[in-house]
Amino acid sequence: MLLTLLSHQWKANYRSSVFQKGLVLNIIMGLLILYFGAIFLVLGFALHKLLAEVVPGQSAVAVVNGALLFYFLIDLFFRFLLQELPVLAVQPYLHLPLHKRNLIHFLLLKSVPSMFNLLFLLIFVPFMIMGVMPEYGTGAALAWLFAILGLTFFNNFLLLYFKRQLSTKPVLTLLFGLVVAGLMLLDYLDVFSLYKVSQAVFAAVLQQPWLAVVPVFLVAGAYLLNYSYLKAHTYPEELTVRRQTVAEGRGIAFLSRFGELGKLIELELKLIWRHKRSKSLVTMSVLFLFYGLIFYRNEKYMDDFAILIFVGIMITGMPIFSYGQFVPSWQSAHFDAILTRRISPYQFYAAKFWIFVPVAVLSYLLTLPYGLFGYKIILINTAALLFNIGINVFLIFFFSVYNTSRLDLSKGSAFNWQGVGASRFIMMVPMILIPMLLYLPFKFMGAPYIGVAAIGLIGLVGFAMQKQLLRWSASWFVKHKYKLATGFRQQ
Amino acid sequence: MIAIKNIEKVYSGKVVVNIPELTIAAGEAVGLVGNNGAGKTTLFRMILDLIRPSKGEVYAKGLNVAQSEDWKVYTGSHLDEGFLIDYLTAEEYFKFIADLHGLSDGDVSERLLPFMDFFNDEILNQRKYIRDFSKGNQKKIGIAAAALSNPELLILDEPFANLDPSSQIRLKNLLRLLREQKHMTMLISSHDLSHVIEVCERIMILEKGHLVQDMQTNENTLRELETYFTV
């Protein structure tokens, strides 16, 4: 019976409407998966050599062992943020003559073949072959991999249990993140070294391979914990993560001063705040503000303008890109109402514009401290901000009429491809390419700062012409509204 | 067949269902009527152990439905689209249900035979997934799947809703046929007073979670119900 259920799961996946939409998207996704898979594989095969160069004098295996416990903690943190609970999948089976215990096993086993559990194998298996096996022999190496596999599944089931208990309190997730960061700090300050603990633990597994059974007990324990909890709670309303259903938030008094436009902005903010998908997008956008750290710390990038312009566009614009890529699909569930009510297309787009502008300015302000890496970052980001609110916003509006797929707002946005069309990827190209093209001629003339200024100036011109551009966006939208409405009506 | 003892469901301080005592005998066909929010669906969900009652128990053949799963074997039910596995085709779904009850493919075609008029050639051999059917056709699939196992107890929530007039009449005849031939116990909620009276010999009115009337159907029932619901 469990097999039938798992075969249904398989059908649910490959029949999901996401797969059946658009060949282009599937190809792009396939390429992305191949690309990242290849990166991980190469990393796995080269890891022992890389580590020998970066940390000479230490065995690569010892270094990896030391990092493993940190890896599992960070893994757990990201699972808290990103992993979904498989819950509603059992709903159509509850009234049928199936044993509850089978349904629960199904619910739990279903979580095993997920990306979170399998992606890491691409690194660890090659590393085991290249790094661990030559030093410790095949048996010990397999035990080592087995222990890691066990701990991954332990994380998986631990998360399922705790997320079900705690998901109403996102603060706790943050707290957990802080604890992990704190442990790293303690390690750095030599107060308490989790690194050494981790090294000792996994060295022990390599010395005495039978220790690999310990994770098995951990997995079994976590599994049973979930099982006994679910066994007592197989009611749909208890299975679904308990959310406050009390309507929260009143009107925002300040916005009502702006008349109809204010009302629409308020409506849109409520839409963002009251749906899972949009809310998780906000969280991701906040995380993305740290994107700059990858580039700004690196001397090599700091000398280059083009990279910094790219980063500037991304960090001042990421929230509006990620929200904008689904305009107007956010309203897909009530799109017919939008079209039939007294809302002018101009106002509809103006409301979005006036959400995007403050958000972009806010990300700009929040990332100002990056200026500590060099004042030129501030100059570039200012130009990027102007370009984002003057040009890129309207590029988003231009591409918005091609977003004809309905969006399901109740799911989280991480790894959620529902409603994603090929136009989303194409959209990013001009938004990055145009500022580059503006900058390049000045670069060859040897005046990169003027190039940056040109980007800002063009942005400013666009922003000054917002009325005309919005009016143009509105008429562009009107031209395509039937196509949009038809697309949104299809489930 | 079903005995309800002191059942109560409270949602955030508000009582949505409160029934001190209710017994449904085997072979009886019970129609449940009541305005929106009367608690019909909540009651059905508690009988099907889909909602944990705040208080009280539901017994099917003497066993508490929340503790024993025996009732699943002889109960067929369809409340809403959530009961369907929407990424299967109609045939696959029927096959799955049949497997659960150990029916052969031949059994399935034989048992679906009376449903052919009702299906109106729009359900089988359509090469599409259940999620792509219209609401009315999804309902037809759900009802047929519920009746497929020849259950002793059939529970349907608003089976007539979303159906076209011909289908409503066909369904009415189907349900009567199932009663005559298979002696199913039925529990049906409906907003369509005349249909439900024609199928059920016992009508109960639910109002704000309370059972306010429980009567045997006779030639005056429709008039009584209409008087009751006229405000």
# chains A, B, ... in the order shown; residues from 1 in each chain; ligands from 1
$ select_by_dssp --residues "stretch 28-114 of chain B" --states "alpha helix (DSSP H)" --output "list in words"
Lys40, Thr41, Thr42, Leu43, Phe44, Arg45, Met46, Ile47, Ala90, Glu91, Glu92, Tyr93, Phe94, Lys95, Phe96, Ile97, Ala98, Asp99, Leu100, Asp105, Gly106, Asp107, Val108, Ser109, Glu110, Arg111 and Leu112 of chain B
$ write_last_selection --atoms "C-alpha atoms" --output "compact mmCIF listing (two decimals), in the first residue's frame"
# COMPACT_ATOMS: atom_id res chain seq x y z
CA LYS B 40 -23.95 20.28 8.41
CA THR B 41 -20.50 19.79 6.98
CA THR B 42 -18.85 20.01 10.39
CA LEU B 43 -21.15 17.24 11.61
CA PHE B 44 -20.27 15.10 8.59
CA ARG B 45 -16.59 15.70 9.15
CA MET B 46 -16.91 14.58 12.76
CA ILE B 47 -18.75 11.43 11.70
CA ALA B 90 -11.00 9.65 -13.28
CA GLU B 91 -10.23 6.06 -14.32
CA GLU B 92 -7.08 5.93 -12.24
CA TYR B 93 -8.97 7.24 -9.25
CA PHE B 94 -11.74 4.64 -9.60
CA LYS B 95 -9.11 1.95 -10.02
CA PHE B 96 -7.35 3.11 -6.87
CA ILE B 97 -10.55 3.03 -4.84
CA ALA B 98 -11.36 -0.38 -6.30
CA ASP B 99 -7.94 -1.69 -5.28
CA LEU B 100 -8.52 -0.53 -1.75
CA ASP B 105 -11.55 -4.12 -13.16
CA GLY B 106 -14.69 -6.02 -14.17
CA ASP B 107 -16.36 -5.09 -10.89
CA VAL B 108 -15.55 -1.46 -11.53
CA SER B 109 -17.08 -1.36 -15.00
CA GLU B 110 -20.10 -3.27 -13.75
CA ARG B 111 -20.65 -0.95 -10.82
CA LEU B 112 -20.13 2.16 -12.90
$ interface_residues --of "chain B" --to "chain A" --cutoff "6 Å" --atoms "only C-alpha atoms" --output "list in words"
Leu50, Ile51, Lys72, Val73, Gly82, Phe83, Leu84, Ile85 and Tyr87 of chain B
$ write_last_selection --atoms "all heavy atoms" --output "compact mmCIF listing (two decimals), in the first residue's frame"
# COMPACT_ATOMS: atom_id res chain seq x y z
N LEU B 50 -12.78 13.41 10.55
CA LEU B 50 -11.87 14.37 9.92
C LEU B 50 -11.66 15.58 10.81
O LEU B 50 -10.76 16.38 10.59
CB LEU B 50 -12.43 14.81 8.56
CG LEU B 50 -12.45 13.75 7.48
CD1 LEU B 50 -13.26 14.20 6.29
CD2 LEU B 50 -11.04 13.39 7.06
N ILE B 51 -12.54 15.72 11.79
CA ILE B 51 -12.41 16.80 12.76
C ILE B 51 -12.51 16.16 14.13
O ILE B 51 -13.34 15.28 14.34
CB ILE B 51 -13.53 17.85 12.61
CG1 ILE B 51 -13.37 18.62 11.31
CG2 ILE B 51 -13.54 18.81 13.77
CD1 ILE B 51 -14.46 19.66 11.10
N LYS B 72 -14.13 2.67 8.02
CA LYS B 72 -13.69 3.06 6.68
C LYS B 72 -14.02 1.98 5.65
O LYS B 72 -14.17 2.27 4.46
CB LYS B 72 -12.17 3.30 6.69
CG LYS B 72 -11.78 4.57 7.40
CD LYS B 72 -10.30 4.82 7.25
CE LYS B 72 -9.89 6.12 7.93
NZ LYS B 72 -8.44 6.32 7.87
N VAL B 73 -14.09 0.74 6.12
CA VAL B 73 -14.31 -0.36 5.18
C VAL B 73 -15.71 -0.30 4.58
O VAL B 73 -15.90 -0.60 3.41
CB VAL B 73 -14.09 -1.71 5.90
CG1 VAL B 73 -14.30 -2.86 4.94
CG2 VAL B 73 -12.70 -1.76 6.50
N GLY B 82 -11.70 18.18 -1.93
CA GLY B 82 -10.57 17.72 -1.13
C GLY B 82 -10.55 16.21 -0.99
O GLY B 82 -9.53 15.64 -0.61
N PHE B 83 -11.66 15.54 -1.29
CA PHE B 83 -11.71 14.08 -1.18
C PHE B 83 -11.14 13.41 -2.42
O PHE B 83 -10.94 12.20 -2.44
CB PHE B 83 -13.17 13.62 -0.99
CG PHE B 83 -13.63 13.70 0.43
CD1 PHE B 83 -13.41 14.83 1.18
CD2 PHE B 83 -14.29 12.63 1.02
CE1 PHE B 83 -13.83 14.91 2.50
CE2 PHE B 83 -14.71 12.70 2.33
CZ PHE B 83 -14.49 13.84 3.07
N LEU B 84 -10.92 14.16 -3.46
CA LEU B 84 -10.41 13.57 -4.70
C LEU B 84 -8.91 13.74 -4.78
O LEU B 84 -8.35 14.70 -4.27
CB LEU B 84 -11.06 14.29 -5.90
CG LEU B 84 -12.58 14.22 -5.97
CD1 LEU B 84 -13.09 15.18 -7.02
CD2 LEU B 84 -13.02 12.81 -6.27
N ILE B 85 -8.27 12.78 -5.42
CA ILE B 85 -6.84 12.91 -5.66
C ILE B 85 -6.71 13.56 -7.03
O ILE B 85 -6.83 12.90 -8.06
CB ILE B 85 -6.16 11.55 -5.60
CG1 ILE B 85 -6.44 10.91 -4.24
CG2 ILE B 85 -4.67 11.67 -5.84
CD1 ILE B 85 -6.04 9.47 -4.14
N TYR B 87 -4.68 14.85 -9.13
CA TYR B 87 -3.72 14.70 -10.23
C TYR B 87 -3.84 13.33 -10.89
O TYR B 87 -3.00 12.94 -11.69
CB TYR B 87 -2.29 14.91 -9.73
CG TYR B 87 -1.98 14.17 -8.47
CD1 TYR B 87 -1.59 12.85 -8.52
CD2 TYR B 87 -2.11 14.78 -7.23
CE1 TYR B 87 -1.35 12.14 -7.38
CE2 TYR B 87 -1.86 14.08 -6.07
CZ TYR B 87 -1.47 12.76 -6.15
OH TYR B 87 -1.24 12.06 -5.01
$ atom_distance --atom1 "atom CA of A:Ile434" --atom2 "atom CA of A:Thr316"
16.0 Å
$ closest_residue --among "B:Ala25, B:Val196, B:Val17, B:Ala145" --to "B:Met1" --atoms "only C-alpha atoms"
B:Ala25
$ residues_around --residues "A:Phe373" --least-positions-apart "6" --cutoff "10 Å" --atoms "only C-alpha atoms" --output "PyMOL selection string"
chain A and resi 293+296-299+302
$ closest_residue --among "A:Leu194, A:Ala464, A:Leu395, A:Val125" --to "A:Trp476" --atoms "only C-alpha atoms"
A:Leu395
$ residues_around --residues "stretch 71-80 of chain A" --least-positions-apart "4" --cutoff "8 Å" --atoms "only C-alpha atoms" --output "PyMOL selection string"
chain A and resi 67+116+151-152+155-156+159+163+173+176-177+180
$ atom_distance --atom1 "atom CA of A:Phe157" --atom2 "atom CA of A:Leu68"
18.3 Å
$ residues_around --residues "stretch 154-159 of chain B" --least-positions-apart "5" --cutoff "9 Å" --atoms "only C-alpha atoms" --output "PyMOL selection string"
chain B and resi 40-41+44+48+74-80+139-140+143+146-147+168+171+184-192
$ write_last_selection --atoms "C-alpha atoms" --output "mmCIF file, in the first residue's frame"
data_model
loop_
_atom_site.group_PDB
_atom_site.id
_atom_site.type_symbol
_atom_site.label_atom_id
_atom_site.label_comp_id
_atom_site.auth_asym_id
_atom_site.auth_seq_id
_atom_site.Cartn_x
_atom_site.Cartn_y
_atom_site.Cartn_z
ATOM 1 C CA LYS B 40 -23.952 20.276 8.412
ATOM 2 C CA THR B 41 -20.500 19.795 6.977
ATOM 3 C CA PHE B 44 -20.269 15.095 8.589
ATOM 4 C CA LEU B 48 -15.925 10.754 9.233
ATOM 5 C CA TYR B 74 -18.076 0.042 4.900
ATOM 6 C CA THR B 75 -18.339 3.808 4.468
ATOM 7 C CA GLY B 76 -18.296 5.706 1.208
ATOM 8 C CA SER B 77 -18.225 9.464 1.333
ATOM 9 C CA HIS B 78 -17.807 12.578 -0.706
ATOM 10 C CA LEU B 79 -17.914 15.999 0.916
ATOM 11 C CA ASP B 80 -15.870 18.224 -1.381
ATOM 12 C CA LYS B 139 -18.719 16.088 -7.992
ATOM 13 C CA LYS B 140 -19.919 13.272 -10.260
ATOM 14 C CA ILE B 143 -20.143 10.532 -5.826
ATOM 15 C CA ALA B 146 -18.068 6.985 -2.907
ATOM 16 C CA ALA B 147 -20.676 4.508 -4.121
ATOM 17 C CA GLN B 168 -29.800 16.272 -10.528
ATOM 18 C CA LEU B 171 -28.651 11.418 -9.384
ATOM 19 C CA MET B 184 -27.470 1.524 1.794
ATOM 20 C CA THR B 185 -27.755 3.730 4.815
ATOM 21 C CA MET B 186 -27.548 7.275 3.527
ATOM 22 C CA LEU B 187 -26.717 10.566 5.065
ATOM 23 C CA ILE B 188 -27.234 13.415 2.657
ATOM 24 C CA SER B 189 -27.183 17.128 3.178
ATOM 25 C CA SER B 190 -28.831 19.381 0.674
ATOM 26 C CA HIS B 191 -30.170 22.843 0.041
ATOM 27 C CA ASP B 192 -32.577 21.429 -2.494
#
$ closest_residue --among "A:Tyr449, A:Tyr370, A:Phe335, A:Phe348" --to "A:Val311" --atoms "only C-alpha atoms"
A:Tyr370
$ closest_residue --among "B:Thr217, B:Asn120, B:Val199, B:Glu180" --to "B:Leu163" --atoms "only C-alpha atoms"
B:Asn120
$ residues_around --residues "stretch 438-443 of chain A" --least-positions-apart "3" --cutoff "10 Å" --atoms "only C-alpha atoms" --output "ChimeraX atom specification"
/A:305-306,309,433-435,446-455,458
$ write_last_selection --atoms "C-alpha atoms" --output "mmCIF file, in the first residue's frame"
data_model
loop_
_atom_site.group_PDB
_atom_site.id
_atom_site.type_symbol
_atom_site.label_atom_id
_atom_site.label_comp_id
_atom_site.auth_asym_id
_atom_site.auth_seq_id
_atom_site.Cartn_x
_atom_site.Cartn_y
_atom_site.Cartn_z
ATOM 1 C CA PHE A 305 33.231 48.726 -12.169
ATOM 2 C CA ALA A 306 31.062 46.395 -14.204
ATOM 3 C CA ILE A 309 27.269 47.983 -11.098
ATOM 4 C CA LEU A 433 22.400 44.622 -19.780
ATOM 5 C CA ILE A 434 21.214 48.207 -20.358
ATOM 6 C CA PRO A 435 23.233 49.738 -17.503
ATOM 7 C CA GLY A 446 38.814 55.920 -19.553
ATOM 8 C CA ALA A 447 36.156 57.743 -17.583
ATOM 9 C CA PRO A 448 34.304 55.071 -15.624
ATOM 10 C CA TYR A 449 32.778 57.543 -13.161
ATOM 11 C CA ILE A 450 31.058 59.363 -15.975
ATOM 12 C CA GLY A 451 29.674 56.007 -17.059
ATOM 13 C CA VAL A 452 28.216 55.543 -13.612
ATOM 14 C CA ALA A 453 26.801 59.048 -13.736
ATOM 15 C CA ALA A 454 25.213 58.271 -17.106
ATOM 16 C CA ILE A 455 23.383 55.306 -15.581
ATOM 17 C CA ILE A 458 19.106 57.988 -17.416
#
